[in-house]
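In what follows, a single structure is set out as structure tokens and then discussed.
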Amino acid sequence: MKLSILTMAAALVMTQTATAGMVHYAAALSGPAEAPPNASPGTGSALVTYDDVALTMRVQAQFSGLTGNVTASHIHCCTAVPGVANVGVATPTPTFPGFPSGVTSGTYDSTFDMTLTSSFNNTFRTNNGGTAATALAALLAGMDAGSAYLNIHTSAFPGGEIRGFLQPVPEPSTMLLSGVALAALAFVRHRRA
């Protein structure tokens, strides 16, 4: 019985690894999260989904309550210390293609082909190996480490009105598999006692 539970847990983990493809990063956007912090009543959220099979990155954002009109939005990477300071832009400049401009609230949803050099700011790409693949590796490492942020610049705050550091979001199936593995270990431990 012990072996079959452990075998099942291992099989589930291997199945999850073989079908893994989507990695999610999320951020809550606010003025106090900017550097320097500001008192903007604006808020928002961002979800970045990287598909490691299709090599695409979907960026979804929603925002409202900004005090100025949107002038730009992009992802910056990678700060020396996670969650702190400012750093250069990693994604297309001056803004994400098609990001709402001249508004104080809105939504955005676009998918980027991360094999294209145009998916990156030229300076970021050059400083990170010069290719789309090396720039992507640096961006993913920054998002994994919590040292990349999405911000929205406005006419009231040209340096950025709201931002949030992107954090990895555990997949429900990963959490479930962790629970199964822990339960299997607890069962084996209980049976030995």
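Chain identifiers are assigned as A, B, and so on, following the order in which chains appear in the structure tokens; residues are numbered from 1 within each chain, and ligands are numbered from 1 in order of appearance.
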
Test item: residues at most 8 Å from segment 168-170 of chain A, only C-alpha atoms, excluding those fewer than 5 positions along its chain, as number ranges by chain: A: 23-26, 143-144, 146, 175

Filtering to N, CA and C atoms, could you give me those residues as a CSV table (one decimal), in the first residue's frame?
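Writing the result to part.csv gives the following:
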```csv
chain,number,residue,atom,x,y,z
A,23,VAL,N,2.8,29.5,-17.0
A,23,VAL,CA,3.3,30.0,-15.8
A,23,VAL,C,2.7,31.4,-15.6
A,24,HIS,N,2.1,31.6,-14.4
A,24,HIS,CA,1.3,32.9,-14.2
A,24,HIS,C,2.1,33.8,-13.2
A,25,TYR,N,2.0,35.1,-13.5
A,25,TYR,CA,2.5,36.1,-12.6
A,25,TYR,C,1.5,37.1,-12.4
A,26,ALA,N,1.3,37.6,-11.1
A,26,ALA,CA,0.3,38.6,-10.9
A,26,ALA,C,0.8,39.7,-10.0
A,143,MET,N,10.9,37.9,-13.2
A,143,MET,CA,9.5,37.7,-12.7
A,143,MET,C,9.5,36.6,-11.6
A,144,ASP,N,10.3,35.5,-11.8
A,144,ASP,CA,10.3,34.5,-10.8
A,144,ASP,C,10.9,35.0,-9.5
A,146,GLY,N,10.6,38.1,-8.4
A,146,GLY,CA,9.9,39.3,-7.9
A,146,GLY,C,10.6,40.6,-8.1
A,175,MET,N,-0.5,23.0,-6.3
A,175,MET,CA,-0.9,23.0,-4.9
A,175,MET,C,-1.5,21.6,-4.5
```

Give me the segment 9-71 of chain A side of the contact with segment 92-100 of chain A, cut-off 12 Å, one line per residue showing its nearest atom pair and distance in Å at one decimal, counting only C-alpha atoms, sorted by chain and residue number, as a Markdown table.
```
| residue | atom | partner | partner_atom | distance |
| --- | --- | --- | --- | --- |
| A:Arg58 | CA | A:Phe96 | CA | 11.4 |
| A:Val59 | CA | A:Phe96 | CA | 9.2 |
| A:Gln60 | CA | A:Phe99 | CA | 10.1 |
| A:Ala61 | CA | A:Phe99 | CA | 9.3 |
| A:Gln62 | CA | A:Pro100 | CA | 10.2 |
| A:Phe63 | CA | A:Pro100 | CA | 10.2 |
| A:Ser64 | CA | A:Pro100 | CA | 11.7 |
| A:Asn69 | CA | A:Pro100 | CA | 9.5 |
| A:Val70 | CA | A:Pro100 | CA | 7.0 |
| A:Thr71 | CA | A:Thr95 | CA | 8.0 |
```

Output file for the selection above: N, CA and C atoms, as a tab-separated table (two decimals), in the first residue's frame:
```tsv
chain	number	residue	atom	x	y	z
A	58	ARG	N	1.17	36.43	-22.45
A	58	ARG	CA	-0.08	37.18	-22.47
A	58	ARG	C	-0.06	38.17	-21.31
A	59	VAL	N	-0.34	39.41	-21.61
A	59	VAL	CA	-0.38	40.47	-20.60
A	59	VAL	C	-1.82	40.97	-20.51
A	60	GLN	N	-2.39	40.84	-19.31
A	60	GLN	CA	-3.74	41.33	-19.05
A	60	GLN	C	-3.65	42.34	-17.91
A	61	ALA	N	-4.31	43.47	-18.10
A	61	ALA	CA	-4.30	44.50	-17.04
A	61	ALA	C	-5.65	45.19	-17.02
A	62	GLN	N	-6.01	45.63	-15.85
A	62	GLN	CA	-7.18	46.49	-15.68
A	62	GLN	C	-6.78	47.56	-14.68
A	63	PHE	N	-7.31	48.77	-14.88
A	63	PHE	CA	-6.96	49.89	-14.02
A	63	PHE	C	-8.10	50.89	-13.99
A	64	SER	N	-8.16	51.66	-12.90
A	64	SER	CA	-9.18	52.70	-12.77
A	64	SER	C	-8.74	53.73	-11.74
A	69	ASN	N	-4.14	61.07	-17.53
A	69	ASN	CA	-4.41	60.20	-18.66
A	69	ASN	C	-3.20	59.30	-18.93
A	70	VAL	N	-3.46	58.04	-19.27
A	70	VAL	CA	-2.39	57.07	-19.54
A	70	VAL	C	-1.54	57.56	-20.71
A	71	THR	N	-0.21	57.49	-20.51
A	71	THR	CA	0.74	57.82	-21.57
A	71	THR	C	1.55	56.60	-22.00
```

Segment 147-161 of chain A surroundings by only C-alpha atoms, 8 Å radius, close-in-sequence under 6 positions cut, as a list in words: Ala27, Leu29, Ser30, Gly31, Glu34, Asn38, Ser40, Gly42, Ala46, Leu66, Thr67, Gly68, Asn69, Val70, Thr71, Ala72, Ser73, His74, Ile75, His76, Cys77, Cys78, Thr79, Ala80, Val81, Pro82, Gly83, Val84 and Leu139 of chain A

Just the selected residues (N, CA and C atoms), exported as a CSV table (one decimal), in the first residue's frame, please.
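out-v4.csv, written as the output of this step:
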```csv
chain,number,residue,atom,x,y,z
A,27,ALA,N,0.1,40.9,-10.2
A,27,ALA,CA,0.5,42.1,-9.4
A,27,ALA,C,-0.7,42.9,-9.2
A,29,LEU,N,-1.6,46.8,-8.6
A,29,LEU,CA,-1.0,48.1,-9.0
A,29,LEU,C,-1.6,49.2,-8.1
A,30,SER,N,-0.7,50.0,-7.6
A,30,SER,CA,-1.1,51.2,-6.8
A,30,SER,C,0.0,52.2,-6.8
A,31,GLY,N,-0.4,53.4,-6.4
A,31,GLY,CA,0.5,54.6,-6.3
A,31,GLY,C,1.5,54.4,-5.2
A,34,GLU,N,4.7,52.7,-6.2
A,34,GLU,CA,5.7,53.3,-7.1
A,34,GLU,C,6.9,53.8,-6.3
A,38,ASN,N,3.5,57.5,-4.4
A,38,ASN,CA,2.6,58.6,-4.5
A,38,ASN,C,1.2,58.3,-3.9
A,40,SER,N,-1.7,58.5,-5.4
A,40,SER,CA,-2.8,58.3,-6.4
A,40,SER,C,-3.8,57.4,-5.8
A,42,GLY,N,-5.6,55.7,-7.8
A,42,GLY,CA,-5.6,54.7,-8.9
A,42,GLY,C,-5.3,53.4,-8.4
A,46,ALA,N,-2.6,43.2,-12.7
A,46,ALA,CA,-2.0,42.7,-13.9
A,46,ALA,C,-1.8,41.2,-13.7
A,66,LEU,N,-7.3,56.6,-12.1
A,66,LEU,CA,-6.0,57.4,-12.3
A,66,LEU,C,-6.3,58.9,-12.3
A,67,THR,N,-5.3,59.7,-11.8
A,67,THR,CA,-5.5,61.1,-11.8
A,67,THR,C,-5.1,61.8,-13.1
A,68,GLY,N,-4.3,61.1,-13.9
A,68,GLY,CA,-3.9,61.6,-15.2
A,68,GLY,C,-4.3,60.6,-16.3
A,69,ASN,N,-4.1,61.1,-17.5
A,69,ASN,CA,-4.4,60.2,-18.7
A,69,ASN,C,-3.2,59.3,-18.9
A,70,VAL,N,-3.5,58.0,-19.3
A,70,VAL,CA,-2.4,57.1,-19.5
A,70,VAL,C,-1.5,57.6,-20.7
A,71,THR,N,-0.2,57.5,-20.5
A,71,THR,CA,0.7,57.8,-21.6
A,71,THR,C,1.6,56.6,-22.0
A,72,ALA,N,1.7,55.6,-21.1
A,72,ALA,CA,2.5,54.4,-21.4
A,72,ALA,C,2.3,53.4,-20.4
A,73,SER,N,2.6,52.1,-20.7
A,73,SER,CA,2.6,51.0,-19.8
A,73,SER,C,3.6,50.0,-20.4
A,74,HIS,N,4.3,49.3,-19.5
A,74,HIS,CA,5.2,48.3,-19.8
A,74,HIS,C,5.7,47.5,-18.6
A,75,ILE,N,6.6,46.5,-18.8
A,75,ILE,CA,7.2,45.8,-17.7
A,75,ILE,C,8.6,46.2,-17.6
A,76,HIS,N,9.0,46.5,-16.4
A,76,HIS,CA,10.4,46.9,-16.1
A,76,HIS,C,11.1,45.7,-15.5
A,77,CYS,N,12.4,45.5,-15.7
A,77,CYS,CA,13.1,44.4,-15.1
A,77,CYS,C,14.6,44.7,-15.2
A,78,CYS,N,15.4,44.3,-14.3
A,78,CYS,CA,15.2,43.5,-13.1
A,78,CYS,C,15.9,44.3,-12.0
A,79,THR,N,15.1,44.6,-10.9
A,79,THR,CA,15.7,45.4,-9.8
A,79,THR,C,16.7,44.5,-9.1
A,80,ALA,N,17.7,45.1,-8.4
A,80,ALA,CA,18.7,44.4,-7.7
A,80,ALA,C,18.1,43.7,-6.5
A,81,VAL,N,17.1,44.3,-5.9
A,81,VAL,CA,16.4,43.8,-4.7
A,81,VAL,C,15.0,43.6,-5.1
A,82,PRO,N,14.4,42.4,-4.9
A,82,PRO,CA,13.0,42.2,-5.3
A,82,PRO,C,12.1,43.2,-4.5
A,83,GLY,N,11.1,43.8,-5.3
A,83,GLY,CA,10.1,44.6,-4.7
A,83,GLY,C,10.6,46.0,-4.4
A,84,VAL,N,11.8,46.4,-4.8
A,84,VAL,CA,12.4,47.7,-4.4
A,84,VAL,C,13.0,48.4,-5.6
A,139,LEU,N,14.1,38.1,-18.4
A,139,LEU,CA,12.8,38.5,-17.9
A,139,LEU,C,12.1,37.5,-17.0
```

Exercise: Ala133 of chain A partners within 9 Å, only C-alpha atoms, chain neighbours under 5 positions left out, as a PyMOL selection string: chain A and resi 114-117+138

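Here atom CA of Met22 of chain A and atom CA of Glu171 of chain A stand 8.8 Å from one another.
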
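Minimum atom-to-atom distances from A:Ala54, A:Ala28, A:Val103, A:Ala135 to Val89 of chain A were compared using only C-alpha atoms, and the lowest value belongs to A:Ala135.
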
Selected residue, from A:Ser105, A:Ala90, A:Leu140, A:Thr126, that lies nearest to Tyr50 of chain A when counting only C-alpha atoms: A:Leu140

Counting only C-alpha atoms, the option among A:Thr134, A:Asn86, A:Thr123, A:Thr107 closest to Leu47 of chain A: A:Thr107

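Note that the spacing between atom CA of Ala35 of chain A and atom CA of Arg163 of chain A amounts to 9.0 Å.
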
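Considering only segment 92-151 of chain A, backbone DSSP assigns strand (DSSP E) to Gly106, Thr107, Tyr108, Asp109, Ser110, Thr111, Phe112, Asp113, Ala148, Tyr149, Leu150 and Asn151 of chain A.
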